[in-house]
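> I'm passing along query32.pdb; it holds PDB, C-alpha atoms.
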```
ATOM      1  CA  MET A   1      84.901  93.013 120.231  1.00  0.00           C
ATOM      2  CA  PRO A   2      86.433  91.254 117.212  1.00  0.00           C
ATOM      3  CA  THR A   3      89.533  92.631 115.563  1.00  0.00           C
ATOM      4  CA  TYR A   4      90.000  92.630 111.822  1.00  0.00           C
ATOM      5  CA  SER A   5      93.241  92.445 109.924  1.00  0.00           C
ATOM      6  CA  ASP A   6      94.060  94.868 107.130  1.00  0.00           C
ATOM      7  CA  VAL A   7      93.047  93.913 103.608  1.00  0.00           C
ATOM      8  CA  VAL A   8      94.195  95.652 100.438  1.00  0.00           C
ATOM      9  CA  CYS A   9      91.974  95.333  97.388  1.00  0.00           C
ATOM     10  CA  VAL A  10      93.523  96.216  94.029  1.00  0.00           C
ATOM     11  CA  GLU A  11      91.207  96.271  91.029  1.00  0.00           C
ATOM     12  CA  HIS A  12      92.757  95.947  87.620  1.00  0.00           C
ATOM     13  CA  ARG A  13      91.580  95.420  84.075  1.00  0.00           C
ATOM     14  CA  THR A  14      91.090  91.682  84.283  1.00  0.00           C
ATOM     15  CA  GLY A  15      90.173  91.145  87.922  1.00  0.00           C
ATOM     16  CA  THR A  16      90.751  91.956  91.555  1.00  0.00           C
ATOM     17  CA  LEU A  17      93.650  91.136  93.842  1.00  0.00           C
ATOM     18  CA  TYR A  18      93.190  90.846  97.605  1.00  0.00           C
ATOM     19  CA  MET A  19      96.232  91.067  99.867  1.00  0.00           C
ATOM     20  CA  GLU A  20      95.852  90.143 103.527  1.00  0.00           C
ATOM     21  CA  THR A  21      99.225  89.354 105.077  1.00  0.00           C
ATOM     22  CA  PRO A  22     101.081  92.062 107.004  1.00  0.00           C
ATOM     23  CA  ALA A  23     103.964  91.821 104.535  1.00  0.00           C
ATOM     24  CA  GLU A  24     101.546  92.580 101.678  1.00  0.00           C
ATOM     25  CA  THR A  25      99.547  95.340 103.379  1.00  0.00           C
ATOM     26  CA  GLU A  26     102.289  97.243 105.223  1.00  0.00           C
ATOM     27  CA  ASP A  27     103.331  99.508 102.321  1.00  0.00           C
ATOM     28  CA  TYR A  28      99.718 100.269 101.436  1.00  0.00           C
ATOM     29  CA  THR A  29      98.984 101.231 105.043  1.00  0.00           C
ATOM     30  CA  LEU A  30     101.916 103.672 105.028  1.00  0.00           C
ATOM     31  CA  ILE A  31     100.806 105.156 101.703  1.00  0.00           C
ATOM     32  CA  PHE A  32      97.204 105.524 102.875  1.00  0.00           C
ATOM     33  CA  ASP A  33      98.264 107.173 106.138  1.00  0.00           C
ATOM     34  CA  SER A  34     100.544 109.557 104.236  1.00  0.00           C
ATOM     35  CA  LEU A  35      97.776 110.569 101.822  1.00  0.00           C
ATOM     36  CA  ARG A  36      95.288 110.987 104.643  1.00  0.00           C
ATOM     37  CA  SER A  37      97.697 113.255 106.535  1.00  0.00           C
ATOM     38  CA  ILE A  38      97.995 115.692 103.605  1.00  0.00           C
ATOM     39  CA  ALA A  39      94.368 115.591 102.473  1.00  0.00           C
ATOM     40  CA  LEU A  40      92.137 118.618 102.889  1.00  0.00           C
ATOM     41  CA  SER A  41      89.392 118.547 105.470  1.00  0.00           C
ATOM     42  CA  PRO A  42      85.860 117.980 104.147  1.00  0.00           C
ATOM     43  CA  ALA A  43      85.068 121.694 104.566  1.00  0.00           C
ATOM     44  CA  ASP A  44      88.270 122.772 102.817  1.00  0.00           C
ATOM     45  CA  SER A  45      87.591 120.284 100.025  1.00  0.00           C
ATOM     46  CA  LEU A  46      84.153 121.792  99.435  1.00  0.00           C
ATOM     47  CA  ASP A  47      85.667 125.284  99.378  1.00  0.00           C
ATOM     48  CA  MET A  48      88.275 124.226  96.823  1.00  0.00           C
ATOM     49  CA  ILE A  49      85.669 122.560  94.613  1.00  0.00           C
ATOM     50  CA  ALA A  50      83.528 125.702  94.740  1.00  0.00           C
ATOM     51  CA  ARG A  51      86.532 127.902  93.790  1.00  0.00           C
ATOM     52  CA  VAL A  52      87.488 125.673  90.860  1.00  0.00           C
ATOM     53  CA  ARG A  53      83.891 125.554  89.683  1.00  0.00           C
ATOM     54  CA  GLN A  54      83.669 129.354  89.752  1.00  0.00           C
ATOM     55  CA  GLU A  55      86.898 129.612  87.751  1.00  0.00           C
ATOM     56  CA  LEU A  56      85.689 127.131  85.141  1.00  0.00           C
ATOM     57  CA  TYR A  57      82.276 128.750  84.642  1.00  0.00           C
ATOM     58  CA  ARG A  58      83.177 132.433  84.510  1.00  0.00           C
TER      59      ARG A  58
END
```
Now that the file is in, can you turn its structure into structure tokens?


Amino acid sequence: MPTYSDVVCVEHRTGTLYMETPAETEDYTLIFDSLRSIALSPADSLDMIARVRQELYR
């Protein structure tokens, strides 16, 4: 089975930047893992969206 290295894609106003070396992608990997660890589960996300929707359309 082939292995793939990490790639970070950053889109900005005038183009796209691709970063592929470990030195470039390491910080982004840590940030992504941190965000993923605090994110709600899909079910909890749906519950939160439903609650906010109810509050907005009372």

> Determine the residue membership of the PyMOL selection byres ((chain A and resi 19) around 6) for the file above and supply it as a list in words.

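Against this file, the PyMOL selection byres ((chain A and resi 19) around 6) returns the residues Val7, Val8, Tyr18, Glu20 and Glu24 of chain A.
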
> Which distance in Å separates CA of Ser5 (chain A) and CA of Thr21 (chain A), to one decimal?

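Interatomic distance, CA of Ser5 (chain A) to CA of Thr21 (chain A): 8.3 Å.
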
> Let me make sure I understand: among A:Asp6, A:Met48, A:Arg58, A:Arg53, which one has the smallest atom-to-atom distance to Phe32 (chain A) if we use all atoms listed in the file?

A:Asp6

> Report the distance between CA of Asp27 (chain A) and CA of Asp44 (chain A) in Å, rounded to one decimal place.

27.7 Å

> Which residue out of A:Leu56, A:Met1, A:Cys9, A:Leu46 has the minimum interatomic distance to Tyr28 (chain A) when only C-alpha atoms are used?

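Going through A:Leu56, A:Met1, A:Cys9, A:Leu46 one by one, the smallest distance to Tyr28 (chain A) is for A:Cys9.
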
> What does the distance from CA of Val10 (chain A) to CA of Ala43 (chain A) come to in Å, to one decimal?

28.8 Å
